[in-house]
Amino acid sequence: MSSLIPLLVLLPLLGAAVALTQAKRPRVQVLISVTVLSAVLVLGIALLVYVDASGTIAVELGGWDAPFGIVLVVDRLAALLLVVSAAVLLAVLVFSVGQGLADGDKETPVSIYYPTYLILAAGVFNAFLAGDLFNLYVSFEILLVASFVLITVGGTELRIRAGTVYIVVSLVSSALFLAAIAMIYGATGTVNIAQLSVRLAELPSDTQLTLHVMLLVAFGIKAAVFPLSFWLPDSYPMAPAPVTAVFAGLLTKIGVYAIMRTEMTIFAGDDLNIAILVVAALTMIVGILGAVAQSDIKRLLSFTLVSHIGYMLFGIGLGTAAGLSAAIYYIVHHITVQTTLFLATGLVERQGGTTGINRLGGMLKANPFVGILFFIPLLNLGGIPPFSGFLGKLALFEAGAQEGSELAWVLIGSGALVSLLTLYALIRAWSLTFWRHTDEVAGYENPLPANDTMGESIEVKTARSIPRIMVGATVAMVALSVTLTVLAAPLFDLSTRAGDNITGPGYYVTTVFPGGSE
Amino acid sequence: MSASLTLVVVMAVLYAVGVFMLLERSMTRVLLGFLLVGNATNLLILIVSGRPGVAPFFGDEGTFADPLPQAFILTSIVITFGVSAFLMALIYRSWRLANADVVHDDSEDIEVGRRTAAIAMERAVAGDDTEFGTRAAAAVADALDLAEQERKEDEASVNEQLRMQASHTESDGAEHDTTEEGK
């Protein structure tokens, strides 16, 4: 089984190479991409089953032993996230195929779209598997460079502007990460995560704190944690709908995953847990207040994305097994639901020609199915029972109540409030977009003087047909998000086991690098 | 561990200048800043790798330099190289599109700012019983440095639309009594 693990990264990379040679045949490129991602999905599911049954696998690449060579580690957490991301990447790929075919490749005009997408996938998978910090850095770079290309695809002025912000911020975070790695290497002489968890504990506590904060800041930028989240709502909404969907679903979660590994394995003490909890509360509240103020669905969703990162940090900051399990379940839920919402927004954009709430109306009449496809993940994200959003939040709140500190109760309170505000912001967007009659939009006094209401309302009336592939991909994602609810019990058991694995470094160290404690 | 002071000073200067340039609006300077910060980080890795001047894997026994940081530096140089190539393409594209390589403000942010200004104007007008109405409150918008000309054009176009839609919106008109209708 272990010899299959490198395939998870190799397949997308090779697929990208082959797809690049087929630049003039987009259909062949599509075929390659879909095949590769399906293969990774199947492989991921097989690995998940295997790892869940018989424990963590670590592969030492190139025949070098653990502290020197590159180690790929598949534990339950990595395998679970790998499966979910492969499924999401596949669904979004299918969606973008539909959009590309229908638009005559206007949105995805260039032959590099599918290869770049596969490289992004390789970076994502590699980040989950990385067993040492430098490999994690390299996988961040792989997925970042691919995301730079995807966010500026087409090269329009708006995208260049939005992309610039994203690129510069990402580069700064990468530089910070690399500097942190340099310092950690200087202090301990290793970058292997398992060995680090042993050696860092032997350092003086102030050195530990410096290194810890540097890593957290670098990952915090990627995860869009509150004071470092300013770039996200600026840059994500401008990209093509499928690109935004996959960025929103996956890229920030990789930051969260890195924070989780850092907190649980490398710096196993709880010296920064209080800071993380405070930041989690601020991320939730500030993010959702931003969402309430927005008049564009994509921007609104980007702000809810920032806000819900706070829930995951809440689970991590608690530091208990229950908190981690809840956070893992929440990550899985949020990857699926946020992507689904962005895909549904893509359908809205396609139907209505815009994502401005003030310029849309009558969508329920024009296309009731899209209305339903938007409504289900909306309720899910807002935390309405019995959806997985409710279950995830409930598990987080239970874990918080178990921990029982005052700060945990503050977080439970703000979590509940943010959940209601999410529902408010999304329901407002939904009812204005879908429920309102078009006549009301035409007569609607636009509070933004710059908008030419006339031009947009004409566009609203000319409904475009939506390709079936796009709808099909969105339906698949909605179905997946509902499956998370239906299969909540086994899934939650799985994330509990995954959470138990990573609570405290002991299990990780003994399975990945048994000699690490010497 | 001993480190060369020269290297530390050079690294510090590179970091300082790099961060300063990263904060500029001009994309070309951002690129230069990124290169400087990247090189500073490479120097940092070199500094932490221990005493300089020894070859890696030299001889069977005795001292040799740690080869791992050198591998890190090589990897990071390659990444920096690729990213700067992409950034240069981006700058060129930005230059072709806008004839400038500066980063502009976000249009949605400006709209939010405008809306805030419009609400403030409405509030000011609500308590205003002078004959000037909206125009008297225009100073509020000016205070936020919004283009006066653009606002006038917008008002003109909105008024025109209102006239055209008057028949449709008679029932709603009372609800949405805003500044433009007040004129």
# chains A, B, ... in the order shown; residues from 1 in each chain; ligands from 1
call {"tool": "interface_residues", "arguments": {"of": "chain B", "to": "chain A", "cutoff": "6 Å", "atoms": "only C-alpha atoms", "output": "mmCIF file with C-alpha atoms, in the first residue's frame"}}
result
data_model
loop_
_atom_site.group_PDB
_atom_site.id
_atom_site.type_symbol
_atom_site.label_atom_id
_atom_site.label_comp_id
_atom_site.auth_asym_id
_atom_site.auth_seq_id
_atom_site.Cartn_x
_atom_site.Cartn_y
_atom_site.Cartn_z
ATOM 1 C CA THR B 41 15.875 34.622 3.465
ATOM 2 C CA ILE B 45 19.378 29.830 5.784
ATOM 3 C CA VAL B 48 21.975 29.157 10.349
ATOM 4 C CA ARG B 115 -22.685 53.922 -0.061
ATOM 5 C CA ASP B 154 -24.887 59.469 -11.973
ATOM 6 C CA THR B 169 -42.816 52.554 -9.847
#
call {"tool": "residues_around", "arguments": {"residues": "Phe34 of chain B", "least_positions_apart": "5", "cutoff": "10 Å", "atoms": "only C-alpha atoms", "output": "CSV table (one decimal) with N, CA and C atoms, in the first residue's frame"}}
result
chain,number,residue,atom,x,y,z
A,168,VAL,N,1.0,39.1,-3.9
A,168,VAL,CA,2.0,39.8,-3.0
A,168,VAL,C,1.9,39.3,-1.6
A,171,LEU,N,3.2,35.8,-1.3
A,171,LEU,CA,4.7,35.8,-1.4
A,171,LEU,C,5.3,36.1,0.0
A,172,VAL,N,4.6,37.2,0.6
A,172,VAL,CA,5.1,37.6,1.9
A,172,VAL,C,5.0,36.4,2.9
A,175,ALA,N,7.7,33.9,2.3
A,175,ALA,CA,9.0,34.3,2.8
A,175,ALA,C,9.1,34.1,4.3
B,15,TYR,N,16.6,42.6,4.1
B,15,TYR,CA,15.3,42.6,4.6
B,15,TYR,C,14.6,43.9,4.7
B,18,GLY,N,14.0,45.3,1.3
B,18,GLY,CA,13.0,44.5,0.7
B,18,GLY,C,11.6,44.8,1.2
B,19,VAL,N,11.5,44.9,2.5
B,19,VAL,CA,10.1,45.1,3.1
B,19,VAL,C,9.7,46.5,2.7
B,21,MET,N,10.4,48.1,0.0
B,21,MET,CA,9.9,48.2,-1.4
B,21,MET,C,8.7,47.4,-1.7
B,22,LEU,N,8.5,46.3,-0.8
B,22,LEU,CA,7.2,45.5,-1.0
B,22,LEU,C,6.0,46.4,-0.7
B,28,THR,N,6.7,47.1,-10.1
B,28,THR,CA,8.1,46.8,-10.4
B,28,THR,C,8.9,46.8,-9.1
B,29,ARG,N,8.6,47.8,-8.2
B,29,ARG,CA,9.3,47.9,-6.9
B,29,ARG,C,8.9,46.7,-6.1
B,39,ASN,N,16.3,36.9,-1.3
B,39,ASN,CA,17.7,36.7,-1.1
B,39,ASN,C,18.1,36.8,0.4
B,40,ALA,N,17.4,37.7,1.1
B,40,ALA,CA,17.7,37.8,2.5
B,40,ALA,C,17.4,36.5,3.2
B,80,THR,N,12.0,31.2,-6.3
B,80,THR,CA,12.0,32.7,-6.4
B,80,THR,C,12.1,33.1,-7.9
B,83,VAL,N,8.8,32.4,-9.7
B,83,VAL,CA,7.8,33.4,-9.3
B,83,VAL,C,8.1,34.8,-9.8
B,84,SER,N,9.4,35.2,-9.9
B,84,SER,CA,9.7,36.5,-10.4
B,84,SER,C,9.4,36.5,-11.9
B,87,LEU,N,5.8,37.2,-12.0
B,87,LEU,CA,5.5,38.6,-11.7
B,87,LEU,C,5.8,39.5,-12.8
call {"tool": "select_by_dssp", "arguments": {"residues": "segment 251-455 of chain A", "states": "helix (DSSP H, G or I)", "output": "ChimeraX atom specification"}}
result
/A:251-266,273-292,297-318,321-352,357-359,363-366,368-382,388-403,406-435,438-442,453-455
call {"tool": "atom_distance", "arguments": {"atom1": "atom CA of Ala66 of chain A", "atom2": "atom CA of Ile193 of chain A"}}
result
10.2 Å
call {"tool": "atom_distance", "arguments": {"atom1": "atom CA of Ser495 of chain A", "atom2": "atom CA of Ser325 of chain A"}}
result
5.1 Å
call {"tool": "closest_residue", "arguments": {"among": "B:Leu43, B:Leu90, B:Ala117, B:Leu68", "to": "Gly154 of chain A", "atoms": "only C-alpha atoms"}}
result
B:Leu90
call {"tool": "atom_distance", "arguments": {"atom1": "atom CA of Ser481 of chain A", "atom2": "atom CA of Asn358 of chain A"}}
result
28.5 Å
call {"tool": "closest_residue", "arguments": {"among": "A:Phe374, A:Phe303, A:Phe140, A:Phe397", "to": "Leu289 of chain A", "atoms": "only C-alpha atoms"}}
result
A:Phe303
call {"tool": "residues_around", "arguments": {"residues": "segment 80-92 of chain A", "least_positions_apart": "6", "cutoff": "6 Å", "atoms": "only C-alpha atoms", "output": "PyMOL selection string"}}
result
chain A and resi 37+41+44-45+242+473
call {"tool": "write_last_selection", "arguments": {"atoms": "C-alpha atoms", "output": "PDB file, in the first residue's frame"}}
result
ATOM      1  CA  LEU A  37      -8.445  13.205 -10.389  1.00  0.00           C
ATOM      2  CA  LEU A  41     -10.021   9.953  -5.504  1.00  0.00           C
ATOM      3  CA  GLY A  44      -7.479   8.243  -1.581  1.00  0.00           C
ATOM      4  CA  ILE A  45     -10.570   6.287  -0.545  1.00  0.00           C
ATOM      5  CA  PRO A 242     -14.936  27.491 -10.551  1.00  0.00           C
ATOM      6  CA  ALA A 473     -21.566  19.187 -10.925  1.00  0.00           C
TER       7      ALA A 473
END
call {"tool": "residues_around", "arguments": {"residues": "segment 95-98 of chain A", "least_positions_apart": "2", "cutoff": "12 Å", "atoms": "only C-alpha atoms", "output": "MDAnalysis selection string"}}
result
chainID A and resid 26:31 33:34 88:93 100:109 113:114 117 240:246 339:340 342:344 346:347 350 466:477
call {"tool": "residues_around", "arguments": {"residues": "Ile316 of chain A", "least_positions_apart": "2", "cutoff": "12 Å", "atoms": "only C-alpha atoms", "output": "MDAnalysis selection string"}}
result
chainID A and resid 256:265 268 270 272:280 309:314 318:331 396 399:400 408 499 502:503
call {"tool": "write_last_selection", "arguments": {"atoms": "N, CA and C atoms", "output": "short mmCIF file (atom, residue, chain, number, x, y, z; two decimals), in the first residue's frame"}}
result
data_model
loop_
_atom_site.label_atom_id
_atom_site.label_comp_id
_atom_site.auth_asym_id
_atom_site.auth_seq_id
_atom_site.Cartn_x
_atom_site.Cartn_y
_atom_site.Cartn_z
N VAL A 256 -5.30 26.02 7.58
CA VAL A 256 -5.84 25.53 8.85
C VAL A 256 -5.21 24.18 9.19
N TYR A 257 -5.07 23.33 8.18
CA TYR A 257 -4.45 22.02 8.39
C TYR A 257 -3.03 22.19 8.90
N ALA A 258 -2.29 23.15 8.29
CA ALA A 258 -0.91 23.37 8.73
C ALA A 258 -0.88 23.87 10.16
N ILE A 259 -1.83 24.75 10.51
CA ILE A 259 -1.89 25.23 11.90
C ILE A 259 -2.16 24.07 12.84
N MET A 260 -3.06 23.18 12.41
CA MET A 260 -3.41 22.04 13.24
C MET A 260 -2.18 21.16 13.51
N ARG A 261 -1.43 20.87 12.43
CA ARG A 261 -0.22 20.06 12.60
C ARG A 261 0.79 20.76 13.50
N THR A 262 0.97 22.08 13.27
CA THR A 262 1.92 22.84 14.09
C THR A 262 1.53 22.76 15.55
N GLU A 263 0.25 23.02 15.82
CA GLU A 263 -0.19 23.10 17.20
C GLU A 263 -0.11 21.75 17.88
N MET A 264 -0.50 20.71 17.14
CA MET A 264 -0.68 19.42 17.79
C MET A 264 0.60 18.61 17.83
N THR A 265 1.42 18.73 16.78
CA THR A 265 2.57 17.85 16.72
C THR A 265 3.88 18.58 17.03
N ALA A 268 3.54 21.00 20.92
CA ALA A 268 2.42 20.31 21.55
C ALA A 268 1.96 20.99 22.84
N ASP A 270 0.53 24.04 25.34
CA ASP A 270 -0.66 24.87 25.07
C ASP A 270 -0.36 26.34 25.31
N LEU A 272 0.09 28.88 23.40
CA LEU A 272 -0.58 29.92 22.61
C LEU A 272 -2.07 29.65 22.43
N ASN A 273 -2.60 28.67 23.14
CA ASN A 273 -4.00 28.31 22.91
C ASN A 273 -4.95 29.46 23.19
N ILE A 274 -4.65 30.24 24.23
CA ILE A 274 -5.55 31.35 24.57
C ILE A 274 -5.53 32.38 23.44
N ALA A 275 -4.34 32.68 22.92
CA ALA A 275 -4.25 33.63 21.81
C ALA A 275 -5.04 33.11 20.61
N ILE A 276 -4.93 31.80 20.35
CA ILE A 276 -5.65 31.25 19.19
C ILE A 276 -7.15 31.38 19.40
N LEU A 277 -7.60 31.13 20.62
CA LEU A 277 -9.04 31.25 20.87
C LEU A 277 -9.52 32.68 20.68
N VAL A 278 -8.74 33.64 21.18
CA VAL A 278 -9.15 35.05 21.02
C VAL A 278 -9.22 35.40 19.54
N VAL A 279 -8.17 34.99 18.79
CA VAL A 279 -8.14 35.28 17.36
C VAL A 279 -9.31 34.59 16.66
N ALA A 280 -9.65 33.38 17.13
CA ALA A 280 -10.77 32.66 16.52
C ALA A 280 -12.06 33.45 16.68
N ILE A 309 -13.57 30.28 9.25
CA ILE A 309 -12.25 29.79 9.65
C ILE A 309 -12.14 29.84 11.17
N GLY A 310 -12.83 30.84 11.75
CA GLY A 310 -12.81 31.00 13.21
C GLY A 310 -13.29 29.76 13.94
N TYR A 311 -14.30 29.07 13.39
CA TYR A 311 -14.82 27.86 14.05
C TYR A 311 -13.74 26.79 14.13
N MET A 312 -12.99 26.65 13.00
CA MET A 312 -11.97 25.61 13.00
C MET A 312 -10.87 25.95 14.01
N LEU A 313 -10.50 27.24 14.06
CA LEU A 313 -9.48 27.65 15.03
C LEU A 313 -9.97 27.42 16.45
N PHE A 314 -11.26 27.59 16.66
CA PHE A 314 -11.86 27.35 17.97
C PHE A 314 -11.55 25.92 18.41
N LEU A 318 -8.88 24.87 21.48
CA LEU A 318 -9.26 24.13 22.69
C LEU A 318 -8.19 23.12 23.04
N GLY A 319 -7.60 22.50 21.98
CA GLY A 319 -6.49 21.59 22.22
C GLY A 319 -6.88 20.25 22.78
N THR A 320 -8.18 20.02 23.00
CA THR A 320 -8.60 18.72 23.51
C THR A 320 -8.94 17.80 22.34
N ALA A 321 -9.02 16.51 22.62
CA ALA A 321 -9.35 15.56 21.56
C ALA A 321 -10.73 15.86 20.98
N ALA A 322 -11.67 16.21 21.85
CA ALA A 322 -13.02 16.51 21.39
C ALA A 322 -13.01 17.73 20.46
N GLY A 323 -12.25 18.77 20.85
CA GLY A 323 -12.18 19.97 20.04
C GLY A 323 -11.59 19.68 18.67
N LEU A 324 -10.55 18.87 18.65
CA LEU A 324 -9.90 18.54 17.38
C LEU A 324 -10.83 17.74 16.48
N SER A 325 -11.50 16.75 17.07
CA SER A 325 -12.41 15.95 16.25
C SER A 325 -13.48 16.84 15.64
N ALA A 326 -14.03 17.74 16.45
CA ALA A 326 -15.05 18.64 15.94
C ALA A 326 -14.48 19.53 14.84
N ALA A 327 -13.25 20.02 15.05
CA ALA A 327 -12.64 20.88 14.04
C ALA A 327 -12.43 20.12 12.74
N ILE A 328 -12.01 18.85 12.85
CA ILE A 328 -11.79 18.05 11.63
C ILE A 328 -13.11 17.86 10.89
N TYR A 329 -14.15 17.51 11.65
CA TYR A 329 -15.46 17.35 11.01
C TYR A 329 -15.89 18.67 10.37
N TYR A 330 -15.61 19.77 11.07
CA TYR A 330 -16.02 21.07 10.55
C TYR A 330 -15.26 21.42 9.28
N ILE A 331 -13.97 21.07 9.24
CA ILE A 331 -13.19 21.34 8.02
C ILE A 331 -13.81 20.59 6.83
N LEU A 396 -18.51 21.34 18.17
CA LEU A 396 -17.54 22.34 18.65
C LEU A 396 -18.00 22.91 19.98
N ALA A 399 -17.52 20.49 22.74
CA ALA A 399 -16.11 20.41 23.13
C ALA A 399 -15.73 21.63 23.96
N GLY A 400 -16.25 22.80 23.57
CA GLY A 400 -15.97 24.02 24.32
C GLY A 400 -16.54 23.94 25.73
N ALA A 408 -13.85 29.79 26.56
CA ALA A 408 -14.56 28.82 25.73
C ALA A 408 -16.04 29.18 25.66
N GLY A 499 -8.82 12.72 15.32
CA GLY A 499 -8.49 13.69 16.36
C GLY A 499 -7.68 13.05 17.47
N ILE A 502 -3.99 12.70 16.61
CA ILE A 502 -3.09 13.86 16.59
C ILE A 502 -3.14 14.63 17.90
N THR A 503 -3.92 14.19 18.87
CA THR A 503 -3.87 14.87 20.16
C THR A 503 -2.58 14.45 20.86
#
